[in-house]
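J.: Here you go, my_file_16.tsv (TSV, C-alpha atoms):
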chain	number	residue	atom	x	y	z
A	29	MET	CA	-70.57	39.93	-23.11
A	30	ALA	CA	-69.99	43.32	-24.66
A	31	ASN	CA	-67.12	43.94	-27.01
A	32	PRO	CA	-64.13	45.28	-25.00
A	33	ARG	CA	-63.76	48.09	-27.50
A	34	ARG	CA	-67.35	49.06	-26.94
A	35	VAL	CA	-66.77	49.02	-23.20
A	36	LYS	CA	-63.91	51.45	-23.66
A	37	MET	CA	-65.97	53.73	-25.84
A	38	VAL	CA	-68.82	53.73	-23.36
A	39	ALA	CA	-66.37	54.54	-20.57
A	40	LYS	CA	-65.00	57.46	-22.54
A	41	GLN	CA	-68.46	58.78	-23.29
A	42	ILE	CA	-69.52	58.47	-19.66
A	43	ARG	CA	-66.40	60.33	-18.65
A	44	ARG	CA	-67.22	63.15	-21.06
A	45	GLU	CA	-70.80	63.35	-19.86
A	46	LEU	CA	-69.86	63.30	-16.20
A	47	SER	CA	-67.27	66.00	-16.70
A	48	ASP	CA	-69.79	68.12	-18.49
A	49	MET	CA	-72.29	67.58	-15.69
A	50	LEU	CA	-69.75	68.52	-13.08
A	51	LEU	CA	-68.98	71.71	-14.92
A	52	THR	CA	-72.43	72.90	-15.82
A	53	ASP	CA	-74.96	71.28	-13.54
A	54	LYS	CA	-75.82	73.47	-10.60
A	55	VAL	CA	-77.25	70.69	-8.47
A	56	LEU	CA	-74.10	68.62	-8.65
A	57	GLN	CA	-71.84	71.55	-8.04
A	58	TYR	CA	-73.77	72.54	-4.97
A	59	ALA	CA	-73.54	68.98	-3.68
A	60	VAL	CA	-69.82	68.88	-4.11
A	61	LEU	CA	-69.06	72.37	-2.88
A	62	PRO	CA	-71.75	73.94	-0.74
A	63	GLU	CA	-70.28	77.40	-1.05
A	64	ALA	CA	-70.77	77.48	-4.80
A	65	ALA	CA	-74.44	78.14	-4.22
A	66	LEU	CA	-73.64	81.38	-2.47
A	67	GLY	CA	-72.22	82.67	-5.72
A	68	ALA	CA	-68.62	82.40	-4.56
A	69	ASP	CA	-67.32	81.56	-7.94
A	70	ARG	CA	-63.79	82.78	-7.48
A	71	TYR	CA	-62.81	81.54	-4.07
A	72	LEU	CA	-63.29	77.82	-4.01
A	73	SER	CA	-61.82	75.78	-1.25
A	74	SER	CA	-61.57	72.44	-2.97
A	75	LEU	CA	-61.44	71.11	-6.48
A	76	THR	CA	-62.90	67.84	-7.62
A	77	THR	CA	-61.65	66.04	-10.66
A	78	ILE	CA	-62.79	62.83	-12.27
A	79	SER	CA	-59.57	60.99	-12.82
A	80	ASP	CA	-60.86	57.72	-14.18
A	81	VAL	CA	-63.98	55.87	-15.18
A	82	GLU	CA	-64.11	52.09	-15.18
A	83	VAL	CA	-66.98	50.19	-16.66
A	84	SER	CA	-67.63	46.53	-15.97
A	85	ALA	CA	-67.70	44.12	-18.86
A	86	ASP	CA	-71.47	43.90	-18.93
A	87	LEU	CA	-71.93	47.66	-18.76
A	88	GLN	CA	-73.89	47.48	-15.54
A	89	VAL	CA	-71.53	48.94	-12.99
A	90	VAL	CA	-69.52	52.09	-13.40
A	91	LYS	CA	-66.81	52.99	-10.94
A	92	VAL	CA	-65.91	56.66	-11.06
A	93	TYR	CA	-62.62	57.59	-9.43
A	94	VAL	CA	-62.76	61.08	-8.02
A	95	SER	CA	-59.80	63.00	-6.74
A	96	VAL	CA	-60.31	66.04	-4.56
A	97	PHE	CA	-57.75	68.74	-4.00
A	98	GLY	CA	-58.09	70.45	-0.67
A	99	ASP	CA	-58.04	69.73	3.02
A	100	GLU	CA	-59.57	66.75	4.78
A	101	ARG	CA	-62.91	68.37	5.41
A	102	GLY	CA	-63.22	69.44	1.80
A	103	LYS	CA	-62.58	65.89	0.68
A	104	GLU	CA	-65.19	64.44	2.98
A	105	VAL	CA	-67.75	67.02	2.01
A	106	ALA	CA	-67.14	66.53	-1.68
A	107	LEU	CA	-67.26	62.76	-1.57
A	108	ALA	CA	-70.31	62.66	0.68
A	109	GLY	CA	-72.08	65.10	-1.59
A	110	LEU	CA	-71.31	63.03	-4.67
A	111	LYS	CA	-72.41	59.81	-3.05
A	112	SER	CA	-75.69	61.35	-2.01
A	113	LYS	CA	-76.35	62.43	-5.58
A	114	ALA	CA	-75.52	59.06	-7.13
A	115	LYS	CA	-79.12	58.36	-8.12
A	116	TYR	CA	-79.57	61.81	-9.54
A	117	VAL	CA	-76.41	61.38	-11.59
A	118	ARG	CA	-77.64	58.02	-12.82
A	119	SER	CA	-80.90	59.49	-14.04
A	120	GLU	CA	-79.13	62.43	-15.71
A	121	LEU	CA	-76.79	60.02	-17.45
A	122	GLY	CA	-79.78	58.03	-18.68
A	123	LYS	CA	-81.29	61.18	-20.16
A	124	ARG	CA	-78.09	62.15	-21.91
A	125	MET	CA	-76.93	58.78	-23.18
A	126	LYS	CA	-78.74	56.19	-25.20
A	127	LEU	CA	-78.11	52.95	-23.36
A	128	ARG	CA	-80.33	49.95	-22.92
A	129	LEU	CA	-79.69	49.80	-19.21
A	130	THR	CA	-78.23	52.79	-17.41
A	131	PRO	CA	-75.43	51.48	-15.22
A	132	GLU	CA	-75.17	51.84	-11.48
A	133	ILE	CA	-72.68	54.53	-10.55
A	134	ARG	CA	-70.27	54.25	-7.67
A	135	PHE	CA	-67.98	57.07	-6.64
A	136	ILE	CA	-64.64	56.04	-5.24
A	137	GLU	CA	-62.00	58.29	-3.80
A	138	ASP	CA	-58.84	58.24	-5.85
A	139	GLU	CA	-55.58	58.81	-4.09
A	140	SER	CA	-53.28	57.87	-6.91
A	141	LEU	CA	-52.63	61.46	-8.00
A	142	GLU	CA	-51.61	62.41	-4.47
A	143	ARG	CA	-49.43	59.35	-4.12
A	144	GLY	CA	-47.86	60.04	-7.48
A	145	SER	CA	-47.00	63.62	-6.61
A	146	ARG	CA	-45.57	62.50	-3.28
A	147	VAL	CA	-43.37	59.92	-4.99
A	148	LEU	CA	-42.24	62.56	-7.45
A	149	ALA	CA	-41.38	64.92	-4.59
A	150	ILE	CA	-39.32	62.20	-2.91
A	151	LEU	CA	-37.57	61.43	-6.18
A	152	ASP	CA	-36.79	65.10	-6.68
A	153	LYS	CA	-35.36	65.28	-3.17
A	154	ILE	CA	-33.15	62.26	-3.81
A	155	LYS	CA	-32.06	63.79	-7.09
A	156	ASP	CA	-31.12	67.05	-5.37
A	157	GLU	CA	-29.14	65.23	-2.71
A	158	ASN	CA	-27.52	63.14	-5.39
A	159	ASP	CA	-26.55	66.20	-7.37
A	160	LYS	CA	-25.07	67.83	-4.31
A	161	LYS	CA	-23.07	64.73	-3.50
A	162	THR	CA	-21.86	64.26	-7.05
A	163	THR	CA	-20.65	67.84	-7.25
A	164	GLU	CA	-18.72	67.34	-4.00
A	165	ASP	CA	-17.45	63.94	-5.03
A	166	SER	CA	-16.58	64.91	-8.54
A	167	GLN	CA	-14.43	67.69	-7.14
A	168	ASN	CA	-12.55	65.17	-4.99
A	169	TRP	CA	-12.20	62.81	-7.90
A	170	TYR	CA	-10.97	65.60	-10.11
A	171	GLU	CA	-8.10	66.26	-7.73
A	172	PHE	CA	-7.40	62.55	-7.60
A	173	GLU	CA	-7.23	62.41	-11.40
A	174	ILE	CA	-4.87	65.30	-11.64
A	175	LYS	CA	-2.58	63.80	-9.02
A	176	HIS	CA	-2.53	60.34	-10.51
A	177	GLY	CA	-3.13	61.17	-14.15
A	178	PHE	CA	-6.28	59.09	-14.67
A	179	ALA	CA	-8.43	59.49	-17.75
A	180	SER	CA	-11.30	61.85	-16.99
A	181	SER	CA	-14.00	59.52	-18.32
A	182	ARG	CA	-13.12	56.79	-15.82
A	183	GLY	CA	-13.12	59.26	-12.94
A	184	GLY	CA	-16.49	60.55	-14.07
A	185	SER	CA	-18.13	57.15	-14.09
A	186	PHE	CA	-16.78	56.28	-10.65
A	187	SER	CA	-18.10	59.43	-9.11
A	188	THR	CA	-21.64	58.71	-10.20
A	189	PHE	CA	-21.60	55.23	-8.75
A	190	THR	CA	-20.66	55.63	-5.14
A	191	PRO	CA	-23.02	58.38	-3.93
A	192	TRP	CA	-26.08	56.57	-5.31
A	193	SER	CA	-25.59	53.60	-3.01
A	194	ILE	CA	-24.90	55.84	-0.04
A	195	SER	CA	-27.84	58.15	-0.45
A	196	PHE	CA	-30.36	55.33	-0.73
A	197	GLN	CA	-30.00	54.02	2.77
A	198	PRO	CA	-31.34	56.85	4.89
A	199	VAL	CA	-34.31	57.29	2.58
A	200	SER	CA	-35.27	53.64	2.65
A	201	THR	CA	-38.20	54.32	4.96
A	202	MET	CA	-40.49	55.77	2.37
A	203	GLU	CA	-44.13	55.97	3.24
A	204	ILE	CA	-46.34	55.81	0.23
B	14	MET	CA	-57.70	91.54	-29.64
B	15	ALA	CA	-55.28	93.44	-27.44
B	16	LYS	CA	-56.46	95.08	-24.30
B	17	ALA	CA	-56.98	98.81	-24.78
B	18	ILE	CA	-53.82	100.50	-23.61
B	19	PRO	CA	-54.12	104.29	-23.64
B	20	ARG	CA	-51.68	105.76	-26.12
B	21	ILE	CA	-50.01	108.97	-25.11
B	22	GLY	CA	-49.17	111.25	-28.01
B	23	SER	CA	-49.36	110.47	-31.67
B	24	ARG	CA	-47.77	107.69	-33.62
B	25	ARG	CA	-44.54	109.58	-33.92
B	26	ASN	CA	-43.13	107.68	-30.99
B	27	GLY	CA	-43.28	104.43	-32.85
B	28	ARG	CA	-42.87	101.27	-30.86
B	29	ILE	CA	-41.99	101.82	-27.27
B	30	GLY	CA	-39.11	99.35	-27.12
B	31	SER	CA	-39.77	96.13	-25.33
B	32	ARG	CA	-42.33	97.17	-22.82
B	33	LYS	CA	-42.39	93.81	-21.12
B	34	SER	CA	-38.76	93.74	-20.01
B	35	ALA	CA	-38.45	93.24	-16.24
B	36	ARG	CA	-41.99	94.12	-15.24
B	37	ARG	CA	-42.26	93.68	-11.52
B	38	ILE	CA	-45.65	92.15	-10.89
B	39	PRO	CA	-46.35	91.27	-7.27
B	40	LYS	CA	-49.76	89.83	-7.98
B	41	GLY	CA	-50.69	87.66	-10.90
B	42	VAL	CA	-53.10	85.15	-12.29
B	43	ILE	CA	-52.25	81.67	-13.47
B	44	HIS	CA	-54.64	80.29	-16.03
B	45	VAL	CA	-54.66	76.53	-16.41
B	46	GLN	CA	-56.51	75.07	-19.33
B	47	ALA	CA	-56.64	71.33	-18.74
B	48	SER	CA	-58.21	69.48	-21.60
B	49	PHE	CA	-58.15	65.72	-21.89
B	50	ASN	CA	-55.15	65.64	-24.19
B	51	ASN	CA	-53.14	68.65	-23.16
B	52	THR	CA	-52.59	71.21	-20.46
B	53	ILE	CA	-51.66	74.83	-21.11
B	54	VAL	CA	-50.46	77.01	-18.26
B	55	THR	CA	-50.43	80.76	-18.84
B	56	VAL	CA	-49.20	83.33	-16.37
B	57	THR	CA	-50.72	86.78	-16.72
B	58	ASP	CA	-51.11	89.88	-14.62
B	59	VAL	CA	-54.35	90.85	-12.99
B	60	ARG	CA	-55.63	92.59	-16.09
B	61	GLY	CA	-54.98	89.59	-18.25
B	62	ARG	CA	-51.86	90.58	-20.17
B	63	VAL	CA	-49.77	87.48	-20.67
B	64	VAL	CA	-46.38	87.31	-19.02
B	65	SER	CA	-45.33	83.82	-19.96
B	66	TRP	CA	-46.84	80.49	-20.85
B	67	SER	CA	-45.90	76.90	-21.02
B	68	SER	CA	-47.67	73.84	-22.24
B	69	VAL	CA	-47.08	70.14	-22.09
B	70	GLY	CA	-46.11	70.09	-25.75
B	71	THR	CA	-43.39	72.68	-25.24
B	72	CYS	CA	-41.99	70.59	-22.40
B	73	GLY	CA	-41.20	67.84	-24.84
B	74	PHE	CA	-44.06	65.42	-24.41
B	75	LYS	CA	-45.82	64.08	-27.43
B	76	GLY	CA	-48.85	62.01	-28.21
B	77	THR	CA	-50.76	60.26	-25.45
B	78	ARG	CA	-48.29	61.31	-22.78
B	79	ARG	CA	-49.49	64.88	-23.08
B	80	GLY	CA	-52.66	64.06	-21.24
B	81	THR	CA	-51.02	62.64	-18.15
B	82	PRO	CA	-50.93	64.42	-14.80
B	83	PHE	CA	-47.13	64.15	-14.58
B	84	ALA	CA	-46.82	66.12	-17.79
B	85	ALA	CA	-49.15	68.76	-16.42
B	86	GLN	CA	-46.96	69.00	-13.35
B	87	THR	CA	-43.83	69.62	-15.40
B	88	ALA	CA	-45.61	72.18	-17.54
B	89	ALA	CA	-46.82	74.08	-14.48
B	90	ALA	CA	-43.37	73.99	-12.89
B	91	ASN	CA	-41.86	75.25	-16.11
B	92	ALA	CA	-44.30	78.12	-16.37
B	93	ILE	CA	-43.76	79.26	-12.81
B	94	ARG	CA	-40.00	79.07	-12.96
B	95	THR	CA	-39.73	82.14	-15.16
B	96	VAL	CA	-42.08	84.10	-12.96
B	97	VAL	CA	-40.79	83.26	-9.51
B	98	ASP	CA	-37.63	85.20	-10.15
B	99	GLN	CA	-39.68	88.26	-10.95
B	100	GLY	CA	-40.94	88.27	-7.42
B	101	MET	CA	-44.54	87.29	-7.74
B	102	GLN	CA	-46.12	86.99	-4.33
B	103	ARG	CA	-49.84	86.50	-4.66
B	104	VAL	CA	-51.30	84.32	-7.30
B	105	GLU	CA	-54.82	83.51	-8.30
B	106	VAL	CA	-55.34	80.25	-10.12
B	107	MET	CA	-58.12	79.96	-12.65
B	108	ILE	CA	-58.85	76.55	-14.07
B	109	LYS	CA	-60.72	75.75	-17.22
B	110	SER	CA	-62.02	72.43	-18.51
B	111	LEU	CA	-61.91	69.05	-16.90
B	112	GLY	CA	-58.82	67.02	-17.40
B	113	LEU	CA	-56.22	65.21	-15.39
B	114	GLY	CA	-54.05	68.28	-15.57
B	115	ARG	CA	-56.40	70.20	-13.30
B	116	ASP	CA	-55.42	68.50	-10.12
B	117	ALA	CA	-51.81	67.91	-11.04
B	118	ALA	CA	-51.06	71.50	-12.07
B	119	LEU	CA	-52.63	72.82	-8.90
B	120	ARG	CA	-50.53	70.46	-6.83
B	121	ALA	CA	-47.40	71.49	-8.66
B	122	ILE	CA	-48.11	75.18	-8.06
B	123	HIS	CA	-48.81	74.42	-4.40
B	124	GLU	CA	-45.52	72.57	-4.04
B	125	VAL	CA	-43.48	75.28	-5.69
B	126	VAL	CA	-45.04	77.84	-3.39
B	127	TYR	CA	-44.49	75.85	-0.20
B	128	TYR	CA	-41.09	74.70	-1.38
Would you mind writing the file out in structure tokens?

T.:
Amino acid sequence: MANPRRVKMVAKQIRRELSDMLLTDKVLQYAVLPEAALGADRYLSSLTTISDVEVSADLQVVKVYVSVFGDERGKEVALAGLKSKAKYVRSELGKRMKLRLTPEIRFIEDESLERGSRVLAILDKIKDENDKKTTEDSQNWYEFEIKHGFASSRGGSFSTFTPWSISFQPVSTMEI
Amino acid sequence: MAKAIPRIGSRRNGRIGSRKSARRIPKGVIHVQASFNNTIVTVTDVRGRVVSWSSVGTCGFKGTRRGTPFAAQTAAANAIRTVVDQGMQRVEVMIKSLGLGRDAALRAIHEVVYY
């Protein structure tokens, strides 16, 4: 089939073209965000981004992962609008790119960015709790060192160990 | 090209110190330029005069990692940190170009706001 490097290059080019279309093409923008047609250029309710483009090995099927920022309704509207314009997008792509066979385009909702930011938020929370516990614990350990004359490096390494195992348990029910 | 700021008096005054020290701006604009390889976040006031900026490169990322959404998130958080203390209450976000940083920076700003 096609050279894998060529597949990657085609994917990159399709991504560039699709991004350009999303930015400049009025028809697409209106499909994604109906209020853009009213001229409301500064107060948009949702934001669509093309996060990834995957091309099959024979260059016939293109999966476009779209991530929408906004509420539930905005997401549905945006995705429905894109899916209804799939044929239009395919013909536009054919006009812009020189390919033997213009691939079929499928729009898929991408939740990985949301999931990623949620995981990051949870990690930040754990880190904050950890920091709070280490500052409390390290104070206790400090007193312990002074009383018993331990080396400060050993006390430091102990204090980072114990709170980590404690703080993990209540957060074990993570929904991702 | 600087924005036209009306000058009072002649040039005898010289430079008026550091005019941007502790400017209380309740309303501002955050510009996010999210290209494929980088994300630059600039905080300005409503007229467009820059208050502070941060980019993924200044946050310590290099190479291909600059294009990732996580990097955009850290850059946005970094840019807002300096401004939150100045008491900014209403912010408009203007986004340029299509990149992964678009979504991620917006999410980061949203999270900082709804701490």

J.: Quick one: which chain B residues come within 10 Å of chain A, and what is the nearest atom pair for each with the distance in Å to one decimal, counting all atoms listed in the file, rows ordered by chain and ascending number, as JSON lines?

T.:
{"residue": "B:Phe49", "atom": "CA", "partner": "A:Arg44", "partner_atom": "CA", "distance": 9.5}
{"residue": "B:Pro82", "atom": "CA", "partner": "A:Leu141", "partner_atom": "CA", "distance": 7.6}
{"residue": "B:Phe83", "atom": "CA", "partner": "A:Ser145", "partner_atom": "CA", "distance": 8.0}
{"residue": "B:Gln86", "atom": "CA", "partner": "A:Ser145", "partner_atom": "CA", "distance": 8.6}
{"residue": "B:Glu105", "atom": "CA", "partner": "A:Arg70", "partner_atom": "CA", "distance": 9.0}
{"residue": "B:Val106", "atom": "CA", "partner": "A:Arg70", "partner_atom": "CA", "distance": 9.2}
{"residue": "B:Met107", "atom": "CA", "partner": "A:Arg70", "partner_atom": "CA", "distance": 8.2}
{"residue": "B:Ile108", "atom": "CA", "partner": "A:Leu75", "partner_atom": "CA", "distance": 9.7}
{"residue": "B:Lys109", "atom": "CA", "partner": "A:Leu51", "partner_atom": "CA", "distance": 9.5}
{"residue": "B:Ser110", "atom": "CA", "partner": "A:Leu51", "partner_atom": "CA", "distance": 7.9}
{"residue": "B:Leu111", "atom": "CA", "partner": "A:Ser47", "partner_atom": "CA", "distance": 6.2}
{"residue": "B:Gly112", "atom": "CA", "partner": "A:Thr77", "partner_atom": "CA", "distance": 7.4}
{"residue": "B:Leu113", "atom": "CA", "partner": "A:Ser79", "partner_atom": "CA", "distance": 6.0}
{"residue": "B:Gly114", "atom": "CA", "partner": "A:Thr77", "partner_atom": "CA", "distance": 9.3}
{"residue": "B:Arg115", "atom": "CA", "partner": "A:Thr77", "partner_atom": "CA", "distance": 7.2}
{"residue": "B:Asp116", "atom": "CA", "partner": "A:Phe97", "partner_atom": "CA", "distance": 6.6}
{"residue": "B:Ala117", "atom": "CA", "partner": "A:Leu141", "partner_atom": "CA", "distance": 7.2}
{"residue": "B:Leu119", "atom": "CA", "partner": "A:Phe97", "partner_atom": "CA", "distance": 8.2}
{"residue": "B:Arg120", "atom": "CA", "partner": "A:Ser145", "partner_atom": "CA", "distance": 7.7}
{"residue": "B:Ala121", "atom": "CA", "partner": "A:Ser145", "partner_atom": "CA", "distance": 8.1}
{"residue": "B:Glu124", "atom": "CA", "partner": "A:Ala149", "partner_atom": "CA", "distance": 8.7}

J.: Please provide the set of residues having any atom within 7 Å of stretch 125-137 of chain A, restricted to only C-alpha atoms, with same-chain residues fewer than 5 positions apart removed, written as a list in words.

T.: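 Counting only C-alpha atoms, the residues come to Leu87, Gln88, Val89, Val90, Lys91, Val92, Tyr93, Val94, Ser95, Lys111, Ala114 and Arg118 of chain A.
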
J.: So, with only C-alpha atoms as the atoms that count, which of A:Lys153, A:Lys161, A:Arg143, A:Lys36 lies closest to A:Asp86?

T.: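 For A:Asp86, the nearest of the given residues is A:Lys36.
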
J.: What is the atom CA of A:Ser112-atom CA of A:Ala59 distance in Å, reported with one decimal?

T.: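 Between these atoms lies a distance of 8.1 Å.
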
J.: Can you tell me, as number ranges by chain, what residues are no more than 12 Å from B:Arg37 when counting only C-alpha atoms, ignoring any on the same chain fewer than 6 positions away?

T.: B: 58, 64, 96-102

J.: What is the atom CA of B:Tyr127-atom CA of B:Arg62 distance in Å, reported with one decimal?

T.: 25.9 Å

J.: Kindly extract all protein, DNA and RNA residues lying within 12 Å of the coordinates (-62.5, 49.5, -23.1) given in the file, considering only C-alpha atoms, and supply them as a list in words.

T.: Ala30, Asn31, Pro32, Arg33, Arg34, Val35, Lys36, Met37, Val38, Ala39, Lys40, Gln41, Ile42, Val81, Glu82, Val83, Ser84, Ala85, Asp86 and Leu87 of chain A
